[in-house]
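Dumped final.cif below, it's mmCIF, C-alpha atoms and all ligand atoms:
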data_run
loop_
_atom_site.group_PDB
_atom_site.id
_atom_site.type_symbol
_atom_site.label_atom_id
_atom_site.label_comp_id
_atom_site.auth_asym_id
_atom_site.auth_seq_id
_atom_site.Cartn_x
_atom_site.Cartn_y
_atom_site.Cartn_z
ATOM 1 C CA MET A 1 67.818 19.457 62.502
ATOM 2 C CA PHE A 2 64.048 19.815 62.941
ATOM 3 C CA LEU A 3 64.408 22.414 65.677
ATOM 4 C CA ASN A 4 66.583 24.569 63.402
ATOM 5 C CA TRP A 5 63.979 24.319 60.660
ATOM 6 C CA LEU A 6 61.305 25.335 63.159
ATOM 7 C CA LYS A 7 63.357 28.341 64.270
ATOM 8 C CA GLU A 8 64.214 29.453 60.721
ATOM 9 C CA ALA A 9 60.727 29.123 59.279
ATOM 10 C CA LYS A 10 58.492 32.168 58.827
ATOM 11 C CA HIS A 11 55.190 30.376 58.233
ATOM 12 C CA VAL A 12 54.711 27.011 59.880
ATOM 13 C CA VAL A 13 51.575 25.003 59.211
ATOM 14 C CA VAL A 14 50.700 21.845 61.148
ATOM 15 C CA PHE A 15 48.422 19.277 59.542
ATOM 16 C CA THR A 16 46.868 16.755 61.925
ATOM 17 C CA GLY A 17 44.994 13.499 61.521
ATOM 18 C CA ALA A 18 43.359 11.003 63.818
ATOM 19 C CA GLY A 19 46.783 9.814 65.041
ATOM 20 C CA MET A 20 47.084 13.146 66.869
ATOM 21 C CA SER A 21 44.358 12.101 69.298
ATOM 22 C CA THR A 22 45.008 8.386 69.863
ATOM 23 C CA GLU A 23 47.148 9.272 72.896
ATOM 24 C CA SER A 24 44.042 10.960 74.326
ATOM 25 C CA GLY A 25 42.240 7.622 74.015
ATOM 26 C CA LEU A 26 40.327 8.190 70.751
ATOM 27 C CA PRO A 27 40.933 5.411 68.209
ATOM 28 C CA ASP A 28 41.960 6.421 64.687
ATOM 29 C CA PHE A 29 40.511 4.892 61.503
ATOM 30 C CA ARG A 30 43.391 3.111 59.828
ATOM 31 C CA SER A 31 46.035 1.980 62.332
ATOM 32 C CA SER A 32 46.699 -1.615 61.353
ATOM 33 C CA LEU A 33 45.516 -3.249 64.613
ATOM 34 C CA THR A 34 43.368 -0.730 66.484
ATOM 35 C CA GLY A 35 41.838 1.520 63.785
ATOM 36 C CA LEU A 36 38.034 1.741 63.705
ATOM 37 C CA TRP A 37 37.900 0.821 60.024
ATOM 38 C CA THR A 38 39.710 -2.446 60.664
ATOM 39 C CA LYS A 39 36.469 -3.592 62.349
ATOM 40 C CA LYS A 40 33.807 -1.588 60.530
ATOM 41 C CA ASP A 41 33.023 -0.702 56.947
ATOM 42 C CA PRO A 42 32.953 3.119 56.690
ATOM 43 C CA ARG A 43 30.225 3.086 54.023
ATOM 44 C CA HIS A 44 27.895 1.268 56.396
ATOM 45 C CA TYR A 45 28.320 3.693 59.320
ATOM 46 C CA ALA A 46 29.626 7.073 58.238
ATOM 47 C CA SER A 47 28.304 7.830 54.769
ATOM 48 C CA THR A 48 25.341 9.680 53.320
ATOM 49 C CA GLU A 49 23.856 6.264 52.411
ATOM 50 C CA ALA A 50 24.304 5.099 56.014
ATOM 51 C CA MET A 51 22.417 8.162 57.253
ATOM 52 C CA LYS A 52 19.598 7.372 54.849
ATOM 53 C CA TYR A 53 19.426 3.577 54.772
ATOM 54 C CA HIS A 54 21.099 2.340 58.002
ATOM 55 C CA ARG A 55 19.934 5.078 60.315
ATOM 56 C CA GLU A 56 20.079 3.008 63.534
ATOM 57 C CA ASP A 57 23.662 1.916 62.914
ATOM 58 C CA PHE A 58 24.582 5.435 61.819
ATOM 59 C CA VAL A 59 23.158 6.945 65.012
ATOM 60 C CA SER A 60 24.733 4.385 67.344
ATOM 61 C CA PHE A 61 28.128 4.742 65.632
ATOM 62 C CA TYR A 62 28.124 8.512 66.210
ATOM 63 C CA GLN A 63 26.676 8.146 69.718
ATOM 64 C CA MET A 64 29.628 5.907 70.517
ATOM 65 C CA ARG A 65 32.084 8.463 69.087
ATOM 66 C CA ILE A 66 30.462 11.394 70.925
ATOM 67 C CA GLU A 67 30.462 9.443 74.220
ATOM 68 C CA ASN A 68 34.118 8.684 73.660
ATOM 69 C CA LEU A 69 34.911 12.303 72.927
ATOM 70 C CA LEU A 70 33.164 13.483 76.101
ATOM 71 C CA LYS A 71 35.165 11.004 78.196
ATOM 72 C CA HIS A 72 38.593 12.094 76.923
ATOM 73 C CA GLN A 73 40.819 15.165 76.980
ATOM 74 C CA PRO A 74 43.465 16.806 74.801
ATOM 75 C CA HIS A 75 46.984 15.635 75.752
ATOM 76 C CA THR A 76 50.294 17.443 76.215
ATOM 77 C CA GLY A 77 50.934 17.296 72.447
ATOM 78 C CA HIS A 78 47.799 19.375 71.782
ATOM 79 C CA GLU A 79 48.904 21.779 74.525
ATOM 80 C CA ILE A 80 52.397 22.192 73.061
ATOM 81 C CA LEU A 81 50.906 23.098 69.667
ATOM 82 C CA ALA A 82 48.626 25.654 71.340
ATOM 83 C CA ARG A 83 51.640 27.182 73.123
ATOM 84 C CA TRP A 84 53.591 27.304 69.842
ATOM 85 C CA GLU A 85 50.767 29.220 68.214
ATOM 86 C CA LYS A 86 50.595 31.693 71.119
ATOM 87 C CA GLU A 87 54.352 32.253 70.883
ATOM 88 C CA GLY A 88 54.183 32.756 67.100
ATOM 89 C CA ILE A 89 56.182 29.599 66.340
ATOM 90 C CA ILE A 90 53.406 28.058 64.261
ATOM 91 C CA GLN A 91 50.775 29.983 62.345
ATOM 92 C CA SER A 92 47.911 27.531 61.831
ATOM 93 C CA ILE A 93 46.624 23.996 62.170
ATOM 94 C CA ILE A 94 44.774 22.251 59.366
ATOM 95 C CA THR A 95 43.020 19.246 60.857
ATOM 96 C CA GLN A 96 41.064 16.266 59.611
ATOM 97 C CA ASN A 97 39.984 15.639 63.192
ATOM 98 C CA VAL A 98 36.468 16.301 64.344
ATOM 99 C CA ASP A 99 37.149 16.063 68.086
ATOM 100 C CA GLY A 100 37.814 19.776 68.709
ATOM 101 C CA PHE A 101 40.800 18.896 70.931
ATOM 102 C CA HIS A 102 43.089 21.521 69.383
ATOM 103 C CA GLN A 103 40.608 24.260 70.301
ATOM 104 C CA ARG A 104 40.050 22.753 73.760
ATOM 105 C CA ALA A 105 43.822 22.868 74.291
ATOM 106 C CA GLY A 106 43.841 26.579 73.348
ATOM 107 C CA SER A 107 44.704 26.642 69.624
ATOM 108 C CA LYS A 108 42.843 29.433 67.816
ATOM 109 C CA ASN A 109 43.720 29.259 64.134
ATOM 110 C CA VAL A 110 42.332 25.801 63.433
ATOM 111 C CA ILE A 111 40.905 24.836 60.047
ATOM 112 C CA GLU A 112 38.561 21.860 60.360
ATOM 113 C CA LEU A 113 38.412 20.099 56.998
ATOM 114 C CA HIS A 114 35.966 17.401 58.072
ATOM 115 C CA GLY A 115 33.625 19.447 60.248
ATOM 116 C CA THR A 116 33.157 18.833 63.947
ATOM 117 C CA LEU A 117 31.614 16.376 66.389
ATOM 118 C CA ARG A 118 31.284 19.098 69.021
ATOM 119 C CA THR A 119 27.935 20.060 67.535
ATOM 120 C CA ILE A 120 25.043 18.415 65.746
ATOM 121 C CA ARG A 121 22.730 20.147 63.284
ATOM 122 C CA CYS A 122 19.344 19.714 61.675
ATOM 123 C CA GLU A 123 19.564 18.265 58.194
ATOM 124 C CA ILE A 124 16.556 20.385 57.136
ATOM 125 C CA CYS A 125 16.729 23.815 58.819
ATOM 126 C CA GLY A 126 20.374 23.790 59.958
ATOM 127 C CA LYS A 127 19.625 24.525 63.647
ATOM 128 C CA GLU A 128 22.673 23.609 65.751
ATOM 129 C CA TYR A 129 22.758 21.832 69.108
ATOM 130 C CA PRO A 130 25.565 20.718 71.447
ATOM 131 C CA ASN A 131 26.682 17.139 70.781
ATOM 132 C CA VAL A 132 25.360 15.745 74.133
ATOM 133 C CA ARG A 133 21.859 16.082 72.773
ATOM 134 C CA PHE A 134 22.640 13.282 70.309
ATOM 135 C CA LEU A 135 22.812 10.898 73.298
ATOM 136 C CA GLN A 136 19.336 11.788 74.588
ATOM 137 C CA PRO A 137 16.028 10.153 73.648
ATOM 138 C CA GLU A 138 14.456 12.247 70.846
ATOM 139 C CA GLY A 139 17.867 13.930 70.519
ATOM 140 C CA THR A 140 17.920 13.356 66.782
ATOM 141 C CA GLN A 141 14.684 15.253 66.248
ATOM 142 C CA CYS A 142 14.818 18.998 65.569
ATOM 143 C CA THR A 143 12.749 21.134 67.963
ATOM 144 C CA GLU A 144 12.095 23.687 65.192
ATOM 145 C CA CYS A 145 11.066 21.576 62.219
ATOM 146 C CA ASN A 146 11.135 17.886 63.326
ATOM 147 C CA GLY A 147 13.941 17.277 60.828
ATOM 148 C CA PHE A 148 16.709 14.746 61.463
ATOM 149 C CA VAL A 149 19.522 16.125 63.600
ATOM 150 C CA ARG A 150 22.903 14.758 62.530
ATOM 151 C CA PRO A 151 26.547 15.228 63.545
ATOM 152 C CA SER A 152 28.170 18.328 61.986
ATOM 153 C CA VAL A 153 30.874 16.214 60.372
ATOM 154 C CA VAL A 154 31.594 15.630 56.702
ATOM 155 C CA LEU A 155 30.289 12.165 55.824
ATOM 156 C CA PHE A 156 31.675 9.936 53.086
ATOM 157 C CA GLY A 157 29.844 11.133 49.973
ATOM 158 C CA GLU A 158 29.747 14.797 51.056
ATOM 159 C CA SER A 159 32.038 17.580 49.957
ATOM 160 C CA LEU A 160 34.360 19.458 52.259
ATOM 161 C CA PRO A 161 33.253 22.896 53.536
ATOM 162 C CA LEU A 162 34.295 25.492 50.936
ATOM 163 C CA GLU A 163 35.627 28.025 53.380
ATOM 164 C CA ALA A 164 37.850 25.433 55.068
ATOM 165 C CA ILE A 165 39.191 24.312 51.682
ATOM 166 C CA ARG A 166 40.031 27.889 50.704
ATOM 167 C CA LYS A 167 41.743 28.651 54.002
ATOM 168 C CA ALA A 168 43.708 25.391 53.985
ATOM 169 C CA GLU A 169 44.864 26.030 50.442
ATOM 170 C CA LYS A 170 46.041 29.521 51.364
ATOM 171 C CA GLU A 171 47.949 28.189 54.345
ATOM 172 C CA ALA A 172 49.577 25.413 52.315
ATOM 173 C CA TYR A 173 50.699 28.025 49.737
ATOM 174 C CA LYS A 174 52.152 30.294 52.412
ATOM 175 C CA ALA A 175 53.937 27.578 54.397
ATOM 176 C CA ASP A 176 57.703 27.301 54.403
ATOM 177 C CA LEU A 177 57.540 24.426 56.911
ATOM 178 C CA PHE A 178 54.628 21.975 56.764
ATOM 179 C CA ILE A 179 54.388 19.371 59.534
ATOM 180 C CA VAL A 180 52.092 16.349 59.234
ATOM 181 C CA LEU A 181 51.186 14.715 62.569
ATOM 182 C CA GLY A 182 49.327 11.399 62.690
ATOM 183 C CA SER A 183 47.691 10.959 59.330
ATOM 184 C CA SER A 184 47.822 8.000 56.981
ATOM 185 C CA LEU A 185 47.401 10.619 54.206
ATOM 186 C CA GLN A 186 44.957 8.343 52.419
ATOM 187 C CA VAL A 187 41.921 10.610 52.462
ATOM 188 C CA TYR A 188 41.494 12.808 49.393
ATOM 189 C CA PRO A 189 41.441 15.809 49.031
ATOM 190 C CA ALA A 190 42.906 16.512 52.491
ATOM 191 C CA ASN A 191 46.034 14.560 51.617
ATOM 192 C CA GLN A 192 46.859 17.021 48.816
ATOM 193 C CA TYR A 193 47.838 19.875 51.157
ATOM 194 C CA PRO A 194 51.241 18.434 52.131
ATOM 195 C CA LEU A 195 52.067 18.028 48.432
ATOM 196 C CA LEU A 196 50.831 21.496 47.579
ATOM 197 C CA ALA A 197 53.046 22.975 50.306
ATOM 198 C CA LYS A 198 56.010 20.943 49.078
ATOM 199 C CA GLN A 199 55.450 22.063 45.472
ATOM 200 C CA LYS A 200 55.447 25.670 46.649
ATOM 201 C CA GLY A 201 58.839 25.167 48.267
ATOM 202 C CA ALA A 202 58.013 24.291 51.884
ATOM 203 C CA ARG A 203 60.015 21.757 53.864
ATOM 204 C CA LEU A 204 57.778 18.774 54.548
ATOM 205 C CA VAL A 205 58.013 16.799 57.790
ATOM 206 C CA ILE A 206 55.859 13.705 58.401
ATOM 207 C CA VAL A 207 55.520 12.223 61.885
ATOM 208 C CA ASN A 208 53.444 9.063 61.731
ATOM 209 C CA MET A 209 53.637 5.723 63.495
ATOM 210 C CA GLU A 210 53.329 3.783 60.236
ATOM 211 C CA GLU A 211 54.462 4.525 56.689
ATOM 212 C CA THR A 212 52.400 6.892 54.536
ATOM 213 C CA GLU A 213 52.098 7.140 50.767
ATOM 214 C CA MET A 214 53.641 10.615 50.861
ATOM 215 C CA ASP A 215 56.808 9.689 52.759
ATOM 216 C CA GLU A 216 58.897 9.834 49.597
ATOM 217 C CA TYR A 217 58.154 13.553 49.200
ATOM 218 C CA ALA A 218 59.124 14.487 52.748
ATOM 219 C CA ASP A 219 62.375 16.116 53.865
ATOM 220 C CA LEU A 220 62.110 14.340 57.215
ATOM 221 C CA VAL A 221 60.046 11.287 58.159
ATOM 222 C CA ILE A 222 59.632 10.014 61.721
ATOM 223 C CA HIS A 223 58.094 6.567 62.157
ATOM 224 C CA GLY A 224 57.532 4.450 65.236
ATOM 225 C CA GLU A 225 57.382 7.349 67.654
ATOM 226 C CA LYS A 226 54.278 8.675 69.397
ATOM 227 C CA ILE A 227 53.432 12.251 68.456
ATOM 228 C CA GLY A 228 53.087 13.295 72.102
ATOM 229 C CA ASP A 229 56.548 11.923 72.928
ATOM 230 C CA TRP A 230 58.062 13.527 69.831
ATOM 231 C CA LEU A 231 56.528 16.943 70.570
ATOM 232 C CA ARG A 232 57.596 16.748 74.229
ATOM 233 C CA ALA A 233 61.160 15.933 73.166
ATOM 234 C CA ILE A 234 61.275 18.874 70.707
ATOM 235 C CA GLU A 235 59.789 21.193 73.325
ATOM 236 C CA GLY A 236 62.363 20.002 75.867
ATOM 237 C CA GLU A 237 65.175 20.719 73.396
ATOM 238 C CA ARG A 238 63.690 24.124 72.519
ATOM 239 C CA LEU A 239 63.473 25.213 76.128
ATOM 240 C CA VAL A 240 67.044 24.294 77.185
HETATM 241 P P1 LIG A 301 43.977 7.512 59.813
HETATM 242 O O1 LIG A 301 43.277 6.681 60.823
HETATM 243 O O2 LIG A 301 43.809 7.185 58.396
HETATM 244 O O3 LIG A 301 45.550 7.478 60.119
HETATM 245 C C1 LIG A 301 46.047 7.745 61.386
HETATM 246 C C2 LIG A 301 47.550 7.502 61.352
HETATM 247 O O4 LIG A 301 48.065 7.932 62.603
HETATM 248 C C3 LIG A 301 47.913 6.037 61.180
HETATM 249 O O5 LIG A 301 48.703 5.877 60.012
HETATM 250 C C4 LIG A 301 48.715 5.697 62.450
HETATM 251 O O6 LIG A 301 49.894 4.937 62.161
HETATM 252 C C5 LIG A 301 49.091 7.037 62.994
HETATM 253 N N1 LIG A 301 49.115 7.113 64.466
HETATM 254 C C6 LIG A 301 48.185 6.657 65.329
HETATM 255 N N2 LIG A 301 48.519 6.980 66.593
HETATM 256 C C7 LIG A 301 49.700 7.642 66.515
HETATM 257 C C8 LIG A 301 50.566 8.236 67.477
HETATM 258 N N3 LIG A 301 50.286 8.223 68.784
HETATM 259 N N4 LIG A 301 51.713 8.814 67.044
HETATM 260 C C9 LIG A 301 52.036 8.818 65.711
HETATM 261 N N5 LIG A 301 51.248 8.309 64.768
HETATM 262 C C10 LIG A 301 50.089 7.729 65.158
HETATM 263 O O7 LIG A 301 43.615 9.013 60.140
HETATM 264 P P2 LIG A 301 43.477 10.228 59.159
HETATM 265 O O8 LIG A 301 44.560 10.256 58.148
HETATM 266 O O9 LIG A 301 43.192 11.432 59.984
HETATM 267 O O10 LIG A 301 42.142 9.725 58.422
HETATM 268 C C11 LIG A 301 41.239 10.521 58.123
HETATM 269 C C12 LIG A 301 39.871 10.399 58.856
HETATM 270 O O11 LIG A 301 39.824 9.996 60.204
HETATM 271 C C13 LIG A 301 39.394 11.801 58.897
HETATM 272 O O12 LIG A 301 38.287 11.855 58.065
HETATM 273 C C14 LIG A 301 38.986 12.098 60.341
HETATM 274 O O13 LIG A 301 37.823 12.879 60.343
HETATM 275 C C15 LIG A 301 38.762 10.760 60.888
HETATM 276 N N6 LIG A 301 38.902 10.535 62.327
HETATM 277 C C16 LIG A 301 39.014 11.548 63.237
HETATM 278 C C17 LIG A 301 39.148 11.250 64.583
HETATM 279 C C18 LIG A 301 39.261 12.379 65.560
HETATM 280 O O14 LIG A 301 38.714 13.451 65.319
HETATM 281 N N7 LIG A 301 39.985 12.183 66.661
HETATM 282 C C19 LIG A 301 39.176 9.929 65.019
HETATM 283 C C20 LIG A 301 39.052 8.900 64.068
HETATM 284 C C21 LIG A 301 38.918 9.232 62.713
#
Starting from the coordinates I provided, produce the structure as structure tokens.
Ligand code: NAD
Amino acid sequence: MFLNWLKEAKHVVVFTGAGMSTESGLPDFRSSLTGLWTKKDPRHYASTEAMKYHREDFVSFYQMRIENLLKHQPHTGHEILARWEKEGIIQSIITQNVDGFHQRAGSKNVIELHGTLRTIRCEICGKEYPNVRFLQPEGTQCTECNGFVRPSVVLFGESLPLEAIRKAEKEAYKADLFIVLGSSLQVYPANQYPLLAKQKGARLVIVNMEETEMDEYADLVIHGEKIGDWLRAIEGERLV
């Protein structure tokens, strides 16, 4: 059924969350046993208050995530999506992920709703640096203005980048097939795009290990299967 939908559709949008990259070795936030937020309080580590009032914890949390990112690679699932874009099967990816793995796998039309951990930037003058600098002594000090250099991600308490919001909205409107991969769909406003697409008439497919709050709106829900395995199976079927 899904493969037919994929073949029929004219504008396919994929929406990914942290579950997309767990098979690469990056933990997500909300998986019931392994998610980062089962051990840590997000407000204490990843918010604007954390950056201001718990700077040491804030810095070591993001150092840990950058180290992790540098140690791991995109997996076959990311590569399949990149191939689908090249072949015109999917048109865009809207992602909540900050790991840059879609781009590393070769995807071009990627909308990053929550910024990126591939770079860090000065809070004062905006100068950008590669993320490895965050791991070095003095790495959080700007060479231009001595300002604090922070990860280029959207923290709790910050708004989403306007351009990304606009592009994501446009894509959700245009979609006739909208595929969610690995998101608990709990984070607002990102979790509104699947609903927007559905309201505009798209078929909605949700592939997520655990239940999500949006499952009831979906035309197809896949639980208990890893995204990489699911994508490999679809790709196998497509290529026979
Ligand atoms: P989330 O942690 O809330 O939910 C992830 C979901 O993916 C879970 O419901 C889990 O059941 C499912 N999942 C995990 N591994 C899976 C797999 N192999 N196959 C199928 N499903 C799987 O993630 P979210 O909805 O993206 O939450 C949003 C926040 O997490 C975003 O702000 C994002 O920036 C941040 N985040 C990003 C990364 C990353 O960039 N890799 C990592 C951790 C957190």
List every protein, DNA or RNA residue with an atom no more than 9 Å from (25.3, 11.7, 64.2) in the file's coordinates, counting all atoms listed in the file, and format the result as a PyMOL selection string. chain A and resi 46+51+58-63+65-66+117+120-121+131+134+140+149-153
Excluding segment 211-222 of chain A and residues on its chain fewer than 5 positions from it, collect all residues at most 10 Å away from it, counting all atoms listed in the file, and give them as a PyMOL selection string. chain A and resi 1-2+178-186+191-192+194-195+198-199+202-206+227+230
How big is the axis-aligned box around all listed atoms of ligand LIG 301 (chain A) once 4 Å goes on each side, and where's its centre, in Å to one decimal, as lines of an AutoDock Vina configuration file?
center_x = 44.9
center_y = 9.2
center_z = 63.4
size_x = 22.2
size_y = 16.5
size_z = 18.7
Could you please extract the residues within 7 Å of ligand LIG 301 (chain A), counting all atoms listed in the file, and hand them back as a ChimeraX atom specification? /A:16-23,26-31,35,96-99,114,181-187,207-212,225-228
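Atom CA of Arg104 of chain A to atom CA of Arg118 of chain A spans 10.6 Å [interatomic distance, one decimal].
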Coordinates-based distance that separates atom CA of Lys108 of chain A from atom CA of Ile90 of chain A (Å, one decimal): 11.2 Å
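The interatomic distance for the pair atom CA of Glu79 of chain A and atom CA of Ser24 of chain A works out to 11.9 Å.
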Do you know which residues the PyMOL selection byres (((chain A and resi 103) around 12) and not hetatm) returns on this file, as JSON, numbers by chain? {"A": [73, 74, 78, 79, 81, 82, 83, 85, 92, 93, 94, 95, 97, 98, 99, 100, 101, 102, 104, 105, 106, 107, 108, 109, 110, 111, 112, 116, 118]}
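Compared by their closest atoms to Ile89 of chain A, and using all atoms listed in the file, the residues A:Cys142, A:Val12, A:Leu69, A:Val240 rank with A:Val12 nearest.
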Residues at most 10 Å from Ala50 of chain A, counting all atoms listed in the file, excluding those fewer than 6 positions away in the same chain, as a PyMOL selection string? chain A and resi 42-44+56-59+155-156
Once you count only C-alpha atoms, which residues end up no further than 10 Å from (58.7, 30.8, 68.5) in the file's frame, shown as JSON, numbers by chain? {"A": [6, 7, 8, 9, 10, 83, 84, 85, 86, 87, 88, 89, 90, 238]}
